[in-house]
$ cat entry_35.pdb   # PDB, C-alpha atoms
ATOM      1  CA  MET A   1     189.617  15.204 -47.730
ATOM      2  CA  ARG A   2     185.986  15.888 -48.801
ATOM      3  CA  ARG A   3     184.418  19.175 -47.844
ATOM      4  CA  PRO A   4     181.194  18.742 -45.887
ATOM      5  CA  ALA A   5     177.948  19.838 -47.453
ATOM      6  CA  PRO A   6     176.755  23.303 -46.495
ATOM      7  CA  LEU A   7     174.084  23.509 -43.859
ATOM      8  CA  PRO A   8     170.585  24.362 -45.081
ATOM      9  CA  THR A   9     169.551  27.872 -44.460
ATOM     10  CA  ALA A  10     166.382  28.654 -42.623
ATOM     11  CA  PRO A  11     163.537  29.995 -44.643
ATOM     12  CA  GLY A  12     163.361  33.695 -44.649
ATOM     13  CA  GLY A  13     167.102  34.095 -43.809
ATOM     14  CA  PRO A  14     169.365  36.595 -45.374
ATOM     15  CA  GLU A  15     170.572  34.123 -47.974
ATOM     16  CA  GLN A  16     167.051  33.635 -49.265
ATOM     17  CA  LYS A  17     166.796  37.262 -50.221
ATOM     18  CA  ASP A  18     169.338  36.798 -53.050
ATOM     19  CA  ALA A  19     168.014  33.388 -54.038
ATOM     20  CA  VAL A  20     166.534  33.028 -57.480
ATOM     21  CA  PRO A  21     162.981  31.912 -57.638
ATOM     22  CA  ALA A  22     162.552  28.263 -58.491
ATOM     23  CA  ASP A  23     160.571  28.864 -61.660
ATOM     24  CA  THR A  24     163.201  31.288 -62.983
ATOM     25  CA  ALA A  25     165.970  28.783 -62.335
ATOM     26  CA  ASP A  26     164.098  26.091 -64.162
ATOM     27  CA  ARG A  27     163.584  28.394 -67.144
ATOM     28  CA  ARG A  28     167.298  29.174 -67.265
ATOM     29  CA  ARG A  29     168.243  25.533 -67.148
ATOM     30  CA  ARG A  30     165.900  24.784 -70.033
ATOM     31  CA  ASP A  31     167.447  27.600 -72.059
ATOM     32  CA  GLU A  32     170.967  26.336 -71.376
ATOM     33  CA  THR A  33     170.165  22.813 -72.380
ATOM     34  CA  SER A  34     168.283  23.820 -75.489
ATOM     35  CA  GLY A  35     170.748  26.400 -76.753
ATOM     36  CA  PRO A  36     173.521  25.885 -79.342
ATOM     37  CA  GLY A  37     176.254  23.648 -78.114
ATOM     38  CA  ALA A  38     174.233  22.495 -75.183
ATOM     39  CA  VAL A  39     174.426  18.913 -74.122
ATOM     40  CA  ALA A  40     171.133  17.227 -73.368
ATOM     41  CA  GLU A  41     170.916  15.816 -69.917
ATOM     42  CA  GLU A  42     168.758  12.818 -69.225
ATOM     43  CA  ALA A  43     165.993  13.655 -66.827
ATOM     44  CA  PRO A  44     165.876  11.478 -63.779
ATOM     45  CA  PRO A  45     162.985   8.970 -63.752
ATOM     46  CA  ALA A  46     159.859  10.170 -62.082
ATOM     47  CA  ALA A  47     159.112   8.583 -58.754
ATOM     48  CA  PRO A  48     156.014   6.352 -58.676
ATOM     49  CA  VAL A  49     152.972   8.090 -57.315
ATOM     50  CA  ASP A  50     150.626   6.285 -54.939
ATOM     51  CA  PRO A  51     147.055   6.446 -56.327
ATOM     52  CA  ALA A  52     145.665   6.749 -52.825
ATOM     53  CA  VAL A  53     147.896   9.769 -52.285
ATOM     54  CA  GLU A  54     147.332  11.161 -55.769
ATOM     55  CA  GLU A  55     143.515  11.058 -55.591
ATOM     56  CA  GLU A  56     142.561  13.228 -52.686
ATOM     57  CA  PRO A  57     138.987  12.708 -51.313
ATOM     58  CA  GLN A  58     136.547  15.250 -52.541
ATOM     59  CA  PRO A  59     134.498  17.109 -49.962
ATOM     60  CA  THR A  60     131.142  15.356 -49.214
ATOM     61  CA  SER A  61     127.873  17.303 -49.226
ATOM     62  CA  THR A  62     124.843  16.772 -46.965
ATOM     63  CA  ARG A  63     122.791  15.432 -49.909
ATOM     64  CA  ASP A  64     125.427  12.784 -50.644
ATOM     65  CA  VAL A  65     125.405  11.682 -47.005
ATOM     66  CA  TRP A  66     121.605  11.479 -47.034
ATOM     67  CA  ARG A  67     121.590   9.458 -50.255
ATOM     68  CA  ALA A  68     124.191   7.054 -48.907
ATOM     69  CA  ALA A  69     122.228   6.568 -45.686
ATOM     70  CA  ARG A  70     119.038   5.927 -47.625
ATOM     71  CA  ALA A  71     120.768   3.380 -49.865
ATOM     72  CA  ARG A  72     122.182   1.663 -46.796
ATOM     73  CA  ARG A  73     118.778   1.497 -45.114
ATOM     74  CA  LYS A  74     117.235   0.136 -48.305
ATOM     75  CA  ALA A  75     119.870  -2.570 -48.575
ATOM     76  CA  LEU A  76     119.417  -3.430 -44.896
ATOM     77  CA  ARG A  77     115.661  -3.781 -45.330
ATOM     78  CA  ALA A  78     116.178  -6.009 -48.357
ATOM     79  CA  GLU A  79     118.509  -8.259 -46.366
ATOM     80  CA  ILE A  80     116.040  -8.434 -43.482
ATOM     81  CA  ARG A  81     113.213  -9.352 -45.843
ATOM     82  CA  ARG A  82     115.362 -12.026 -47.451
ATOM     83  CA  PHE A  83     116.326 -13.635 -44.151
ATOM     84  CA  THR A  84     112.812 -13.438 -42.635
ATOM     85  CA  GLN A  85     110.921 -14.551 -45.736
ATOM     86  CA  ARG A  86     110.131 -18.045 -44.378
ATOM     87  CA  SER A  87     108.903 -16.810 -41.007
ATOM     88  CA  ARG A  88     106.778 -14.151 -42.684
ATOM     89  CA  ARG A  89     105.180 -16.753 -44.947
ATOM     90  CA  ARG A  90     104.473 -18.991 -41.963
ATOM     91  CA  ARG A  91     102.944 -16.085 -40.030
ATOM     92  CA  ILE A  92     100.789 -15.113 -43.002
ATOM     93  CA  ALA A  93      99.568 -18.706 -43.320
ATOM     94  CA  TRP A  94      98.637 -18.827 -39.624
ATOM     95  CA  LEU A  95      96.849 -15.498 -39.747
ATOM     96  CA  SER A  96      94.988 -16.525 -42.887
ATOM     97  CA  GLY A  97      93.840 -19.773 -41.250
ATOM     98  CA  ILE A  98      92.683 -18.000 -38.092
ATOM     99  CA  ALA A  99      90.837 -15.395 -40.138
ATOM    100  CA  ALA A 100      89.105 -18.118 -42.155
ATOM    101  CA  VAL A 101      87.995 -19.930 -38.984
ATOM    102  CA  VAL A 102      86.707 -16.697 -37.430
ATOM    103  CA  LEU A 103      84.799 -15.847 -40.574
ATOM    104  CA  LEU A 104      83.328 -19.346 -40.743
ATOM    105  CA  ILE A 105      82.199 -19.311 -37.117
ATOM    106  CA  GLY A 106      80.872 -15.786 -37.346
ATOM    107  CA  GLY A 107      78.986 -16.559 -40.522
ATOM    108  CA  SER A 108      77.505 -19.724 -39.045
ATOM    109  CA  VAL A 109      76.352 -17.925 -35.904
ATOM    110  CA  ALA A 110      74.882 -15.061 -37.896
ATOM    111  CA  ALA A 111      73.065 -17.488 -40.182
ATOM    112  CA  ALA A 112      71.780 -19.568 -37.246
ATOM    113  CA  TYR A 113      70.133 -16.511 -35.694
ATOM    114  CA  SER A 114      68.717 -15.256 -38.964
ATOM    115  CA  PRO A 115      65.376 -16.048 -40.612
ATOM    116  CA  LEU A 116      67.250 -18.318 -43.005
ATOM    117  CA  PHE A 117      66.977 -21.041 -40.335
ATOM    118  CA  ALA A 118      63.486 -20.285 -39.058
ATOM    119  CA  VAL A 119      61.188 -23.102 -37.888
ATOM    120  CA  GLU A 120      58.729 -24.075 -40.583
ATOM    121  CA  ARG A 121      57.792 -27.594 -39.512
ATOM    122  CA  ILE A 122      57.356 -29.259 -36.082
ATOM    123  CA  THR A 123      57.425 -33.062 -35.842
ATOM    124  CA  VAL A 124      56.449 -35.057 -32.737
ATOM    125  CA  THR A 125      57.873 -38.573 -32.332
ATOM    126  CA  GLY A 126      57.587 -41.250 -29.639
ATOM    127  CA  ALA A 127      53.865 -40.817 -28.950
ATOM    128  CA  THR A 128      51.688 -43.932 -28.822
ATOM    129  CA  THR A 129      48.705 -42.790 -26.771
ATOM    130  CA  LEU A 130      48.930 -39.055 -27.312
ATOM    131  CA  ASP A 131      47.515 -37.303 -30.353
ATOM    132  CA  THR A 132      50.597 -35.988 -32.147
ATOM    133  CA  ALA A 133      48.541 -33.440 -34.073
ATOM    134  CA  ALA A 134      47.381 -31.914 -30.806
ATOM    135  CA  VAL A 135      50.937 -31.674 -29.511
ATOM    136  CA  GLU A 136      52.138 -30.057 -32.745
ATOM    137  CA  ALA A 137      49.293 -27.556 -32.597
ATOM    138  CA  ALA A 138      50.263 -26.646 -29.019
ATOM    139  CA  LEU A 139      53.791 -25.844 -30.215
ATOM    140  CA  ALA A 140      52.682 -23.778 -33.220
ATOM    141  CA  GLY A 141      53.851 -20.606 -31.482
ATOM    142  CA  GLN A 142      57.447 -21.537 -32.330
ATOM    143  CA  LEU A 143      56.838 -21.406 -36.073
ATOM    144  CA  GLY A 144      58.866 -18.641 -37.699
ATOM    145  CA  THR A 145      61.380 -18.531 -34.830
ATOM    146  CA  PRO A 146      65.070 -19.156 -35.692
ATOM    147  CA  LEU A 147      66.122 -22.600 -34.542
ATOM    148  CA  ALA A 148      68.742 -21.141 -32.209
ATOM    149  CA  LEU A 149      66.137 -18.892 -30.538
ATOM    150  CA  VAL A 150      63.441 -21.490 -29.797
ATOM    151  CA  ASP A 151      62.117 -20.676 -26.322
ATOM    152  CA  THR A 152      62.437 -23.859 -24.261
ATOM    153  CA  SER A 153      60.383 -22.396 -21.412
ATOM    154  CA  GLU A 154      57.451 -21.805 -23.759
ATOM    155  CA  VAL A 155      57.805 -25.345 -25.116
ATOM    156  CA  LYS A 156      57.757 -26.734 -21.574
ATOM    157  CA  ALA A 157      54.696 -24.702 -20.663
ATOM    158  CA  ALA A 158      52.888 -25.967 -23.765
ATOM    159  CA  LEU A 159      53.736 -29.630 -23.055
ATOM    160  CA  LEU A 160      52.574 -29.428 -19.439
ATOM    161  CA  ALA A 161      49.046 -29.610 -20.809
ATOM    162  CA  PHE A 162      49.723 -33.266 -21.695
ATOM    163  CA  PRO A 163      50.111 -35.319 -18.485
ATOM    164  CA  LEU A 164      51.064 -38.426 -20.452
ATOM    165  CA  ILE A 165      54.405 -36.836 -21.389
ATOM    166  CA  GLU A 166      57.054 -37.948 -18.929
ATOM    167  CA  THR A 167      60.121 -36.500 -20.641
ATOM    168  CA  TYR A 168      60.847 -34.756 -23.913
ATOM    169  CA  ALA A 169      63.813 -33.568 -25.963
ATOM    170  CA  LEU A 170      64.087 -30.926 -28.660
ATOM    171  CA  GLU A 171      66.153 -31.640 -31.760
ATOM    172  CA  ALA A 172      66.871 -28.916 -34.309
ATOM    173  CA  ARG A 173      67.265 -30.132 -37.870
ATOM    174  CA  PRO A 174      68.411 -27.279 -40.086
ATOM    175  CA  PRO A 175      67.315 -25.541 -42.024
ATOM    176  CA  HIS A 176      63.635 -25.520 -40.968
ATOM    177  CA  ASP A 177      62.691 -28.635 -38.943
ATOM    178  CA  LEU A 178      62.140 -28.894 -35.184
ATOM    179  CA  THR A 179      61.679 -32.425 -33.833
ATOM    180  CA  VAL A 180      60.158 -33.089 -30.399
ATOM    181  CA  ARG A 181      60.967 -36.544 -29.027
ATOM    182  CA  ILE A 182      58.687 -37.473 -26.146
ATOM    183  CA  VAL A 183      58.562 -40.385 -23.717
ATOM    184  CA  GLU A 184      55.089 -41.145 -22.486
ATOM    185  CA  ARG A 185      54.316 -42.108 -18.935
ATOM    186  CA  THR A 186      53.580 -45.777 -18.369
ATOM    187  CA  PRO A 187      50.329 -46.251 -16.465
ATOM    188  CA  VAL A 188      50.450 -48.897 -13.739
ATOM    189  CA  GLY A 189      46.724 -49.086 -13.005
ATOM    190  CA  VAL A 190      43.686 -47.194 -11.869
ATOM    191  CA  ILE A 191      42.504 -46.033  -8.473
ATOM    192  CA  ARG A 192      38.794 -46.071  -7.810
ATOM    193  CA  SER A 193      37.293 -42.978  -6.203
ATOM    194  CA  GLU A 194      34.036 -41.023  -6.144
ATOM    195  CA  ALA A 195      35.086 -39.295  -9.376
ATOM    196  CA  GLY A 196      35.448 -42.638 -11.147
ATOM    197  CA  TYR A 197      38.615 -44.464 -12.188
ATOM    198  CA  THR A 198      41.813 -42.429 -12.145
ATOM    199  CA  LEU A 199      44.657 -43.669 -14.312
ATOM    200  CA  VAL A 200      48.053 -43.160 -12.658
ATOM    201  CA  ASP A 201      51.694 -43.969 -13.368
ATOM    202  CA  ALA A 202      54.344 -45.319 -10.980
ATOM    203  CA  ALA A 203      55.031 -41.807  -9.631
ATOM    204  CA  GLY A 204      51.346 -41.248  -8.826
ATOM    205  CA  VAL A 205      50.856 -38.700 -11.619
ATOM    206  CA  VAL A 206      47.219 -38.578 -12.715
ATOM    207  CA  LEU A 207      46.991 -39.319 -16.420
ATOM    208  CA  ALA A 208      43.242 -39.445 -16.935
ATOM    209  CA  THR A 209      39.958 -39.938 -15.099
ATOM    210  CA  THR A 210      37.078 -41.933 -16.571
ATOM    211  CA  SER A 211      33.748 -43.210 -15.300
ATOM    212  CA  ASP A 212      34.509 -46.778 -16.352
ATOM    213  CA  GLN A 213      37.600 -48.856 -15.667
ATOM    214  CA  PRO A 214      39.952 -48.733 -18.701
ATOM    215  CA  ALA A 215      40.564 -52.088 -20.333
ATOM    216  CA  GLY A 216      43.896 -53.719 -19.504
ATOM    217  CA  GLN A 217      44.504 -51.573 -16.426
ATOM    218  CA  PRO A 218      44.555 -53.320 -12.995
ATOM    219  CA  LEU A 219      42.741 -51.908 -10.000
ATOM    220  CA  ILE A 220      45.208 -50.656  -7.371
ATOM    221  CA  ASP A 221      44.149 -50.890  -3.726
ATOM    222  CA  VAL A 222      46.788 -49.475  -1.364
ATOM    223  CA  GLU A 223      46.868 -47.877   2.054
ATOM    224  CA  GLY A 224      47.693 -44.179   2.164
ATOM    225  CA  GLY A 225      46.989 -43.281  -1.466
ATOM    226  CA  VAL A 226      49.516 -42.347  -4.153
ATOM    227  CA  ASP A 227      51.822 -40.544  -1.692
ATOM    228  CA  SER A 228      52.487 -43.639   0.426
ATOM    229  CA  SER A 229      55.451 -46.021   0.331
ATOM    230  CA  ALA A 230      53.023 -48.864  -0.352
ATOM    231  CA  PHE A 231      51.947 -47.239  -3.628
ATOM    232  CA  ARG A 232      55.541 -46.554  -4.713
ATOM    233  CA  SER A 233      56.459 -50.197  -4.059
ATOM    234  CA  ALA A 234      53.369 -51.452  -5.942
ATOM    235  CA  GLY A 235      54.179 -49.182  -8.896
ATOM    236  CA  LEU A 236      57.750 -50.508  -9.143
ATOM    237  CA  VAL A 237      56.477 -54.097  -9.024
ATOM    238  CA  VAL A 238      53.995 -53.536 -11.849
ATOM    239  CA  ARG A 239      56.641 -51.910 -14.037
ATOM    240  CA  SER A 240      59.022 -54.855 -13.551
ATOM    241  CA  LEU A 241      56.510 -57.515 -14.658
ATOM    242  CA  PRO A 242      57.024 -59.336 -17.978
ATOM    243  CA  ALA A 243      54.636 -58.328 -20.766
ATOM    244  CA  ASP A 244      52.563 -61.562 -20.626
ATOM    245  CA  ILE A 245      52.035 -61.357 -16.863
ATOM    246  CA  ARG A 246      51.361 -57.608 -17.075
ATOM    247  CA  ALA A 247      48.650 -58.242 -19.661
ATOM    248  CA  ALA A 248      46.960 -60.754 -17.333
ATOM    249  CA  LEU A 249      47.172 -58.505 -14.243
ATOM    250  CA  THR A 250      43.779 -57.436 -12.844
ATOM    251  CA  GLY A 251      44.472 -56.253  -9.301
ATOM    252  CA  VAL A 252      47.257 -54.978  -7.014
ATOM    253  CA  ARG A 253      46.971 -54.783  -3.210
ATOM    254  CA  ALA A 254      49.423 -53.468  -0.618
ATOM    255  CA  THR A 255      49.207 -52.182   2.935
ATOM    256  CA  THR A 256      52.956 -51.620   3.319
ATOM    257  CA  ALA A 257      55.932 -51.519   1.034
ATOM    258  CA  ASP A 258      56.745 -55.164   1.832
ATOM    259  CA  ASP A 259      53.448 -56.980   1.187
ATOM    260  CA  VAL A 260      52.534 -56.343  -2.444
ATOM    261  CA  THR A 261      50.087 -58.947  -3.763
ATOM    262  CA  LEU A 262      49.051 -59.430  -7.394
ATOM    263  CA  THR A 263      45.909 -60.956  -8.864
ATOM    264  CA  LEU A 264      45.870 -62.379 -12.409
ATOM    265  CA  SER A 265      42.904 -62.873 -14.701
ATOM    266  CA  THR A 266      43.227 -66.651 -14.251
ATOM    267  CA  GLY A 267      42.466 -66.261 -10.549
ATOM    268  CA  LEU A 268      46.098 -66.851  -9.552
ATOM    269  CA  THR A 269      47.319 -64.922  -6.517
ATOM    270  CA  VAL A 270      50.985 -63.953  -6.457
ATOM    271  CA  VAL A 271      52.537 -62.905  -3.155
ATOM    272  CA  TRP A 272      55.332 -60.632  -4.254
ATOM    273  CA  GLY A 273      56.520 -58.956  -1.091
ATOM    274  CA  SER A 274      58.721 -55.864  -1.539
ATOM    275  CA  ALA A 275      59.975 -54.348  -4.774
ATOM    276  CA  GLU A 276      63.519 -55.555  -4.099
ATOM    277  CA  GLU A 277      64.930 -58.122  -6.521
ATOM    278  CA  SER A 278      61.854 -57.765  -8.728
ATOM    279  CA  GLY A 279      63.790 -59.009 -11.768
ATOM    280  CA  LEU A 280      64.670 -62.310 -10.095
ATOM    281  CA  LYS A 281      61.152 -62.664  -8.737
ATOM    282  CA  ALA A 282      59.711 -62.234 -12.236
ATOM    283  CA  LEU A 283      61.981 -65.027 -13.563
ATOM    284  CA  THR A 284      61.029 -67.301 -10.663
ATOM    285  CA  LEU A 285      57.321 -66.641 -11.255
ATOM    286  CA  ALA A 286      57.625 -67.448 -14.963
ATOM    287  CA  ARG A 287      59.406 -70.771 -14.260
ATOM    288  CA  THR A 288      56.917 -71.718 -11.557
ATOM    289  CA  LEU A 289      53.920 -70.981 -13.773
ATOM    290  CA  GLY A 290      55.412 -73.184 -16.467
ATOM    291  CA  ALA A 291      55.905 -76.009 -13.996
ATOM    292  CA  HIS A 292      52.559 -75.532 -12.146
ATOM    293  CA  PRO A 293      49.969 -74.058 -14.533
ATOM    294  CA  ASP A 294      47.090 -75.008 -12.225
ATOM    295  CA  ALA A 295      48.524 -73.388  -9.101
ATOM    296  CA  ALA A 296      46.101 -71.214  -7.076
ATOM    297  CA  SER A 297      48.831 -69.123  -5.444
ATOM    298  CA  ILE A 298      52.560 -68.627  -5.762
ATOM    299  CA  ASP A 299      54.752 -66.938  -3.186
ATOM    300  CA  VAL A 300      57.926 -65.401  -4.622
ATOM    301  CA  THR A 301      58.828 -63.311  -1.616
ATOM    302  CA  SER A 302      62.120 -65.210  -1.630
ATOM    303  CA  PRO A 303      63.148 -65.433  -5.305
ATOM    304  CA  ASP A 304      65.376 -68.460  -4.643
ATOM    305  CA  VAL A 305      62.515 -70.671  -3.418
ATOM    306  CA  ALA A 306      58.946 -70.280  -4.743
ATOM    307  CA  VAL A 307      56.089 -71.570  -2.607
ATOM    308  CA  VAL A 308      53.208 -73.016  -4.620
ATOM    309  CA  GLY A 309      49.757 -73.229  -3.061
TER     310      GLY A 309
END
$ encode --input "entry_35.pdb" --output "C-alpha cells"
Amino acid sequence: MRRPAPLPTAPGGPEQKDAVPADTADRRRRDETSGPGAVAEEAPPAAPVDPAVEEEPQPTSTRDVWRAARARRKALRAEIRRFTQRSRRRRIAWLSGIAAVVLLIGGSVAAAYSPLFAVERITVTGATTLDTAAVEAALAGQLGTPLALVDTSEVKAALLAFPLIETYALEARPPHDLTVRIVERTPVGVIRSEAGYTLVDAAGVVLATTSDQPAGQPLIDVEGGVDSSAFRSAGLVVRSLPADIRAALTGVRATTADDVTLTLSTGLTVVWGSAEESGLKALTLARTLGAHPDAASIDVTSPDVAVVG
C-alpha cells in the first residue's frame, strides 16, 4: 500500500525555519551532478512561454498618450477629407460661380454709374415737323451725365417746350449715346379766332398759331370749342380718314358728337355722323366715290348703305 504524499506546510511554519534556501539547494544539486562519479540527469523540457505573458506592457507616459491622440485625430481628419472630397469640390465650384456672378454684377453697376459711360452724344429720332437740332440743344444739360443717372424729370421739362411732341422714349446706347425717340402730334385742323388760325390735334392741344391758314389743314367749326364732345368726335373722324381723302379735306363741322360733316376740295359734302365705325365708313366712302365720282353729297352715317345725293 502506497504512502500518501505529505501535506504542504504553510509558509512561515516551523518546518520552514530548517528549510534550505532554494538557491543553495540548486547549487548543491549542480555540484553533485558535476562531481566525480556523478550521473548526468536530463533536464526536463522547458514549458512553452506565452509571448503575451512574457512581454509585460510597459508603463505609458503622458507624452505617449498625447502623441497617440494626435496621430488618431490626424488620421481621422485624413479619412474625413477623403470621404468628403467630392462634396467639397462641388461646394467650391458653387461658391466660385456665385462669387464670379457677384463680381460681374458689381463691376457692371459700378461701371454704369461711372464717367466711363457718360453721355457724349444725344440723337433725336422720329421728328418730321420739329427741328431736331433744337430738341438736341434743349437736352444738352444731360451731356457728361452717366447713362444710368440721366434725370428723366429734367428731360421731360425740356421737352415740354415742344408742343408737337406727343410721346417720347429714352434709349441708352452704351458707352456714350443717348437716343430720344419722339412721336409727334398729328394735327387735325385749325380753329379760327381773333388771334388767327390755331393748329390743334385730336386732343385739342394747341400746336401753333399763325395769322394765315396753314396749307393742307382743314378749318374746324364746332360748337363748344376744343373741350366739347363735338370736337373730340370730329378729331377722331379726321384721324380715321384715308390719306387721299385727308389730303382733300378742307372743312369739318359738328354741333354734336353725332353729326360730323366733312367738306372736300372737290365740293363734295360727306355726312359722317358719329365717330363710331369710322373704319367701315371710310371703306364705304372710298367705294362710293369710285362708283359715283360726280356725286355732290354722300351720307355714310350707316356704313352698310351709303346715300348718294
$ closest_residue --input "entry_35.pdb" --among "A:Glu154, A:Glu136, A:Asp244, A:Glu120" --to "Leu264 (chain A)" --atoms "all atoms listed in the file"
A:Asp244
$ resolve_selection --input "entry_35.pdb" --expression "the PyMOL selection byres ((chain A and resi 183) around 9)" --output "list in words"
Thr125, Gly126, Ala127, Leu164, Ile165, Glu166, Thr167, Tyr168, Ala169, Arg181, Ile182, Glu184 and Arg185 of chain A
$ closest_residue --input "entry_35.pdb" --among "A:Arg173, A:Ser240, A:Val135, A:Ser229" --to "Val155 (chain A)" --atoms "all atoms listed in the file"
A:Val135
$ residues_around --input "entry_35.pdb" --residues "Thr123 (chain A)" --least-positions-apart "2" --cutoff "8 Å" --atoms "all atoms listed in the file" --output "ChimeraX atom specification"
/A:121,125,136,177-180
$ resolve_selection --input "entry_35.pdb" --expression "the PyMOL selection byres ((chain A and resi 204-212) around 8)" --output "number ranges by chain"
A: 163-164, 187, 195-203, 213-214, 226-227, 231-232
$ resolve_selection --input "entry_35.pdb" --expression "the PyMOL selection byres ((chain A and resi 245) around 12)" --output "ChimeraX atom specification"
/A:216,218,237-244,246-251,262-266,268-270,282-283,285-286,289
$ residues_near_point --input "entry_35.pdb" --point "(49.8, -49.9, -5.5)" --cutoff "7 Å" --atoms "only C-alpha atoms" --output "ChimeraX atom specification"
/A:220-222,230-235,252-254
$ atom_distance --input "entry_35.pdb" --atom1 "CA of Asp259 (chain A)" --atom2 "CA of Thr288 (chain A)"
19.8 Å
$ residues_near_point --input "entry_35.pdb" --point "(63.5, -18.9, -29.5)" --cutoff "12 Å" --atoms "only C-alpha atoms" --output "PyMOL selection string"
chain A and resi 112-115+117-119+139+141-155+172+178
$ atom_distance --input "entry_35.pdb" --atom1 "CA of Thr255 (chain A)" --atom2 "CA of Arg192 (chain A)"
16.2 Å
$ atom_distance --input "entry_35.pdb" --atom1 "CA of Gly273 (chain A)" --atom2 "CA of Val307 (chain A)"
12.7 Å
$ closest_residue --input "entry_35.pdb" --among "A:Gly189, A:Ile122, A:Leu159, A:Ser228" --to "Pro174 (chain A)" --atoms "only C-alpha atoms"
A:Ile122
$ closest_residue --input "entry_35.pdb" --among "A:Thr129, A:Ser61, A:Thr284, A:Ser274" --to "Ala257 (chain A)" --atoms "only C-alpha atoms"
A:Ser274
$ closest_residue --input "entry_35.pdb" --among "A:Ile191, A:Ala93, A:Leu116, A:Val305" --to "Gly224 (chain A)" --atoms "all atoms listed in the file"
A:Ile191
$ closest_residue --input "entry_35.pdb" --among "A:Ala75, A:Ala215, A:Ala137, A:Ala306" --to "Ala161 (chain A)" --atoms "all atoms listed in the file"
A:Ala137
